[in-house]
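Coordinates from coords_37.csv are shown below (CSV, C-alpha atoms).
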chain,number,residue,atom,x,y,z
A,15,GLY,CA,35.8,114.1,154.2
A,16,GLN,CA,35.2,111.0,152.1
A,17,GLN,CA,35.2,107.9,154.2
A,18,PRO,CA,37.7,105.3,153.2
A,19,SER,CA,36.3,102.1,151.9
A,20,ASP,CA,37.2,98.7,153.2
A,21,ASN,CA,40.2,98.6,151.0
A,22,TRP,CA,41.5,102.0,152.0
A,23,LYS,CA,44.8,100.7,153.0
A,24,SER,CA,45.5,99.4,149.5
A,25,TYR,CA,44.2,102.7,148.2
A,26,ILE,CA,46.6,104.7,150.2
A,27,ILE,CA,49.4,102.3,149.3
A,28,VAL,CA,48.6,102.7,145.6
A,29,LYS,CA,48.6,106.5,145.9
A,30,ALA,CA,51.8,106.5,147.8
A,31,LYS,CA,53.4,104.4,145.2
A,32,ASP,CA,52.3,106.8,142.5
A,33,VAL,CA,53.8,109.7,144.4
A,34,ARG,CA,57.0,107.9,144.9
A,35,VAL,CA,57.2,107.1,141.2
A,36,ILE,CA,56.4,110.7,140.3
A,37,LYS,CA,59.0,111.9,142.7
A,38,SER,CA,61.5,109.4,141.2
A,39,VAL,CA,60.7,110.7,137.7
A,40,SER,CA,61.0,114.2,138.9
A,41,ASP,CA,64.4,113.4,140.5
A,42,LYS,CA,65.6,111.8,137.2
A,43,ASP,CA,64.4,114.8,135.2
A,44,SER,CA,66.1,117.1,137.7
A,45,LYS,CA,69.3,115.1,137.4
A,46,LYS,CA,69.0,115.2,133.6
A,47,GLU,CA,68.5,119.0,133.8
A,48,GLN,CA,71.6,119.2,136.0
A,49,ARG,CA,73.6,117.1,133.6
A,50,LYS,CA,72.7,119.1,130.5
A,51,PRO,CA,75.2,121.9,131.1
A,52,GLU,CA,77.9,119.3,131.8
A,53,LEU,CA,76.9,117.4,128.6
A,54,LYS,CA,77.1,120.6,126.6
A,55,LYS,CA,80.4,121.4,128.2
A,56,ASN,CA,81.7,117.9,127.2
A,57,GLN,CA,80.2,118.3,123.7
A,58,SER,CA,82.0,121.6,123.5
A,59,LYS,CA,85.3,120.0,124.6
A,60,SER,CA,84.8,117.2,122.1
A,61,THR,CA,84.1,119.7,119.3
A,62,SER,CA,87.1,121.7,120.3
A,63,ASN,CA,89.4,118.7,120.3
A,64,GLU,CA,88.1,117.6,116.9
A,65,VAL,CA,88.8,121.1,115.5
A,66,LYS,CA,92.3,121.0,117.1
A,67,ASP,CA,93.0,117.5,115.7
A,68,SER,CA,91.7,118.6,112.3
A,69,LYS,CA,94.1,121.6,112.4
A,70,VAL,CA,97.0,119.4,113.4
A,71,GLU,CA,96.3,117.0,110.6
A,72,GLU,CA,95.9,119.9,108.2
A,73,LYS,CA,99.2,121.3,109.3
A,74,ALA,CA,100.9,117.9,109.1
A,75,THR,CA,99.6,117.5,105.6
A,76,GLU,CA,100.9,121.0,104.6
A,77,GLU,CA,104.3,120.3,106.1
A,78,LYS,CA,104.4,117.0,104.2
A,79,VAL,CA,103.6,118.7,101.0
A,80,ASP,CA,106.2,121.4,101.7
A,81,ARG,CA,108.8,118.8,102.5
A,82,GLU,CA,108.1,116.9,99.3
A,83,LYS,CA,108.4,120.1,97.3
A,84,VAL,CA,111.8,120.8,99.0
A,85,GLU,CA,112.9,117.2,98.3
A,86,GLU,CA,111.8,117.4,94.7
A,87,LYS,CA,113.6,120.7,94.2
A,88,SER,CA,116.7,119.3,95.9
A,89,LYS,CA,116.6,116.2,93.7
A,90,GLU,CA,116.2,118.4,90.6
A,91,GLU,CA,119.4,120.2,91.5
A,92,ILE,CA,121.3,117.0,91.0
A,93,LYS,CA,122.5,116.8,87.4
A,94,ILE,CA,123.6,113.4,86.2
A,95,GLN,CA,126.6,113.6,83.9
A,96,GLN,CA,127.5,110.0,83.2
A,97,ALA,CA,127.1,106.6,84.8
A,98,VAL,CA,128.2,103.0,84.4
A,99,VAL,CA,127.4,99.7,86.1
A,100,HIS,CA,129.8,96.9,86.9
A,101,ILE,CA,128.7,93.4,88.1
A,102,LEU,CA,130.5,92.3,91.3
A,103,ASP,CA,129.6,88.7,92.2
A,104,SER,CA,132.4,86.7,93.8
A,105,ALA,CA,130.6,83.5,92.8
A,106,LEU,CA,131.5,84.3,89.2
A,107,GLY,CA,135.2,84.3,90.0
A,108,MET,CA,135.8,87.7,88.4
A,109,PRO,CA,134.1,91.1,88.1
A,110,VAL,CA,132.1,91.7,84.9
A,111,LEU,CA,133.2,95.2,84.0
A,112,SER,CA,131.3,97.3,81.5
A,113,ASP,CA,133.1,99.0,78.6
A,114,THR,CA,130.2,101.3,77.8
A,115,LEU,CA,128.3,104.0,79.6
A,116,LEU,CA,124.7,103.7,80.6
A,117,ASP,CA,121.9,105.6,78.7
A,118,CYS,CA,120.8,108.1,81.4
A,119,GLY,CA,117.3,108.9,80.2
A,120,SER,CA,114.8,110.8,82.3
A,121,ASP,CA,113.4,107.7,84.1
A,122,PHE,CA,116.8,106.2,84.9
A,123,SER,CA,118.2,109.7,85.9
A,124,ASP,CA,115.3,110.0,88.4
A,125,PHE,CA,116.2,106.6,89.8
A,126,LEU,CA,119.8,107.7,90.3
A,127,LYS,CA,118.8,111.1,91.7
A,128,SER,CA,116.4,109.5,94.3
A,129,HIS,CA,119.2,107.2,95.6
A,130,ILE,CA,121.8,110.0,95.7
A,131,PHE,CA,119.4,112.4,97.4
A,132,LYS,CA,118.3,109.7,99.9
A,133,ILE,CA,122.0,109.0,100.9
A,134,ASP,CA,122.9,112.7,101.1
A,135,SER,CA,120.0,113.6,103.3
A,136,SER,CA,120.2,110.6,105.6
A,137,ASP,CA,120.8,111.0,109.3
A,138,GLU,CA,123.1,108.0,109.1
A,139,ILE,CA,125.6,109.7,106.7
A,140,LYS,CA,129.2,110.0,108.0
A,141,ASN,CA,131.7,112.5,106.7
A,142,CYS,CA,135.1,110.9,106.1
A,143,SER,CA,138.4,111.6,104.4
A,144,PHE,CA,140.7,109.3,102.5
A,145,THR,CA,144.1,108.5,103.8
A,146,GLU,CA,146.9,109.3,101.3
A,147,GLU,CA,147.7,105.6,101.1
A,148,SER,CA,144.2,104.7,100.0
A,149,SER,CA,144.1,103.0,96.6
A,150,VAL,CA,140.7,104.5,95.9
A,151,PHE,CA,142.0,108.0,96.8
A,152,LEU,CA,144.8,107.6,94.3
A,153,LEU,CA,142.3,106.5,91.6
A,154,VAL,CA,140.0,109.5,92.4
A,155,GLU,CA,143.0,111.7,92.0
A,156,GLU,CA,143.4,110.5,88.4
A,157,TRP,CA,139.7,111.2,87.7
A,158,ASN,CA,138.5,113.5,84.9
A,159,SER,CA,135.4,113.3,82.7
A,160,GLU,CA,137.4,111.8,79.9
A,161,ASN,CA,138.8,108.8,81.8
A,162,PHE,CA,135.6,108.3,83.9
A,163,LEU,CA,135.0,104.8,82.5
A,164,GLU,CA,138.6,103.6,83.1
A,165,VAL,CA,138.7,105.0,86.7
A,166,SER,CA,135.3,103.3,87.4
A,167,GLN,CA,136.6,100.0,86.3
A,168,LYS,CA,139.7,100.2,88.5
A,169,ILE,CA,137.5,101.2,91.5
A,170,ALA,CA,135.2,98.2,90.8
A,171,GLY,CA,138.3,96.0,90.7
A,172,GLU,CA,139.5,97.2,94.1
A,173,LEU,CA,136.0,96.6,95.6
A,174,TYR,CA,135.8,93.1,94.0
A,175,THR,CA,139.2,92.2,95.6
A,176,LEU,CA,137.8,93.0,99.0
A,177,MET,CA,134.6,91.0,98.3
A,178,SER,CA,136.6,88.0,97.3
A,179,GLN,CA,138.5,88.1,100.6
A,180,ASN,CA,135.3,88.4,102.7
A,181,ILE,CA,132.4,86.0,101.7
A,182,ASP,CA,130.1,88.0,104.0
A,183,ILE,CA,130.0,90.9,101.6
A,184,PRO,CA,127.0,90.4,99.4
A,185,ALA,CA,127.1,90.3,95.6
A,186,ALA,CA,125.9,93.5,93.9
A,187,ASP,CA,125.9,95.7,90.9
A,188,LEU,CA,128.1,98.7,91.4
A,189,LEU,CA,126.7,101.9,89.9
A,190,VAL,CA,129.4,104.6,89.5
A,191,VAL,CA,127.8,108.0,88.8
A,192,GLU,CA,129.4,111.3,88.0
A,193,TYR,CA,127.0,114.2,88.9
A,194,GLN,CA,126.9,117.9,89.7
A,195,VAL,CA,125.1,120.0,92.2
A,196,GLU,CA,125.4,123.8,91.5
A,197,GLN,CA,128.4,123.2,89.2
A,198,HIS,CA,130.2,121.2,91.9
A,199,SER,CA,131.3,117.7,90.8
A,200,TYR,CA,130.8,114.5,92.8
A,201,LEU,CA,131.3,110.8,92.3
A,202,ALA,CA,128.7,108.4,93.6
A,203,LEU,CA,129.5,104.8,94.4
A,204,LEU,CA,126.2,103.0,94.7
A,205,LYS,CA,126.5,99.3,95.7
A,206,MET,CA,123.1,97.8,94.7
A,207,ASN,CA,122.9,94.6,96.7
A,208,TYR,CA,120.8,92.0,95.1
A,209,LYS,CA,117.3,91.2,96.3
A,210,THR,CA,115.3,88.1,95.6
A,211,SER,CA,111.8,88.4,94.1
A,212,TYR,CA,109.3,86.7,91.8
A,213,THR,CA,108.1,87.7,88.3
A,214,HIS,CA,106.2,86.1,85.5
A,215,LEU,CA,107.6,84.5,82.4
A,216,THR,CA,105.7,83.7,79.2
A,217,ASN,CA,106.7,81.0,76.8
A,218,SER,CA,104.9,80.7,73.5
A,219,ASP,CA,104.5,77.5,71.4
A,220,PRO,CA,102.2,76.4,68.6
A,221,TRP,CA,99.6,75.4,71.2
A,222,GLY,CA,99.4,78.8,72.9
A,223,ASN,CA,101.0,80.8,75.7
A,224,ASN,CA,102.4,79.2,78.9
A,225,ASN,CA,102.6,81.7,81.8
A,226,ASP,CA,104.9,80.8,84.7
A,227,ILE,CA,106.2,82.4,87.9
A,228,ILE,CA,110.0,82.4,88.3
A,229,LYS,CA,112.4,83.5,91.0
A,230,GLN,CA,114.7,86.4,90.2
A,231,LYS,CA,117.8,86.6,92.4
A,232,ALA,CA,119.4,89.8,91.1
A,233,ILE,CA,116.7,92.4,91.6
A,234,LEU,CA,118.1,95.9,92.4
A,235,PRO,CA,116.7,98.0,95.2
A,236,GLY,CA,113.9,100.3,94.1
A,237,GLU,CA,113.8,104.1,94.4
A,238,THR,CA,112.2,104.1,97.8
A,239,GLN,CA,114.6,101.6,99.3
A,240,LYS,CA,117.6,102.6,101.2
A,241,LEU,CA,121.1,101.4,100.2
A,242,THR,CA,123.2,99.9,102.9
A,243,GLU,CA,126.6,100.5,101.2
A,244,ALA,CA,127.3,103.7,99.3
A,245,ALA,CA,129.7,106.6,99.1
A,246,LEU,CA,129.5,110.2,97.7
A,247,ILE,CA,132.9,111.6,96.9
A,248,ASP,CA,133.6,115.3,96.5
A,249,LEU,CA,135.8,115.7,93.4
A,250,MET,CA,136.7,119.3,93.9

Give the structure from the file, written as structure tokens.
Amino acid sequence: GQQPSDNWKSYIIVKAKDVRVIKSVSDKDSKKEQRKPELKKNQSKSTSNEVKDSKVEEKATEEKVDREKVEEKSKEEIKIQQAVVHILDSALGMPVLSDTLLDCGSDFSDFLKSHIFKIDSSDEIKNCSFTEESSVFLLVEEWNSENFLEVSQKIAGELYTLMSQNIDIPAADLLVVEYQVEQHSYLALLKMNYKTSYTHLTNSDPWGNNNDIIKQKAILPGETQKLTEAALIDLM
């Protein structure tokens, strides 16, 4: 029963505005309330995906560790018997053949094993057989542990002849390696194509040290690098 004042119209408008705002807030709260289960559901999905991703990563890590263990075991099965290196650079006009074997210490043996294992386990490996007319086949037929050095020199000479006839074949060091896997003998021909890199050089004089950077043009591929030219020959 209260009589409206002269400004009653504005009073009602104010009240109506308040109601609308309250209603609007109520709607928002209602929508928020309706969205909460959906949000929790999404949060649940997100948590589930994170757990799944974590398990996938954990499994991948375990598989990587297992694979590395298998590779390490397989590499350890390779027993290096003897090795020699011959320099094959057609720019020199003749091969530089070594008359002595390499000292296959633990570090160098690991280097050789890594390359041999990488070749043997590669998807790009191809199984081949020599023809009876092959000059390398005839040399391999002569092979035994006592004449290893002589046979390796002859093989290097054959390869150098091919390189001299084709300038596109890059210069390299040829590592010839006799090794065994489970008492089975193999001969590895590892053509280590040269790579260019930089290293430091220190010159000393009465006034002190002079450090410089020089280019090396005969860097051999590292353990983790893949050889583009190589062969593993079954000697049995």

Excluding same-chain residues fewer than 2 positions from Leu126 of chain A, what lies within 10 Å of it counting all atoms listed in the file, as a list in words?
Lys89, Ile92, Lys93, Ile94, Ala97, Cys118, Ser120, Asp121, Phe122, Ser123, Asp124, Ser128, His129, Ile130, Phe131, Lys132, Leu189, Val191, Tyr193, Ala202, Leu204 and Glu237 of chain A

Give me the segment 148-224 of chain A side of the contact with segment 243-248 of chain A, cut-off 7 Å, one line per residue showing its nearest atom pair and distance in Å at one decimal, counting all atoms listed in the file, sorted by chain and residue number, as a Markdown table.
| residue | atom | partner | partner_atom | distance |
| --- | --- | --- | --- | --- |
| A:Ser199 | CA | A:Asp248 | CA | 6.6 |
| A:Tyr200 | CA | A:Asp248 | CA | 4.7 |
| A:Leu201 | CA | A:Ile247 | CA | 4.9 |
| A:Ala202 | CA | A:Leu246 | CA | 4.5 |
| A:Leu203 | CA | A:Ala245 | CA | 5.0 |
| A:Leu204 | CA | A:Ala244 | CA | 4.8 |
| A:Lys205 | CA | A:Glu243 | CA | 5.6 |

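Computed from the coordinates, the atom CA of Pro109 of chain A to atom CA of Ser166 of chain A distance equals 12.3 Å.
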
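Of note, atom CA of Glu147 of chain A and atom CA of Leu188 of chain A are spaced 22.9 Å apart.
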
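Interatomic distance, atom CA of Ser159 of chain A against atom CA of Gln239 of chain A: 29.1 Å.
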
Excluding Gly107 of chain A and its own-chain neighbours fewer than 5 positions away, which residues fall within 10 Å of it when counting all atoms listed in the file? Please give them as a CSV table (one decimal) with C-alpha atoms, keeping the file's coordinate frame.
chain,number,residue,atom,x,y,z
A,102,LEU,CA,130.5,92.3,91.3
A,174,TYR,CA,135.8,93.1,94.0
A,178,SER,CA,136.6,88.0,97.3

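Residues in contact with Leu163 of chain A at 8 Å, where only C-alpha atoms are counted and same-chain residues fewer than 5 positions away are skipped, are listed as A:Val98, A:Asp113, A:Thr114, A:Leu115.
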
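Distances here use only C-alpha atoms; by that measure, the residue among A:Asn158, A:Ser104, A:Gln95, A:Ser88 closest to Leu176 of chain A is A:Ser104.
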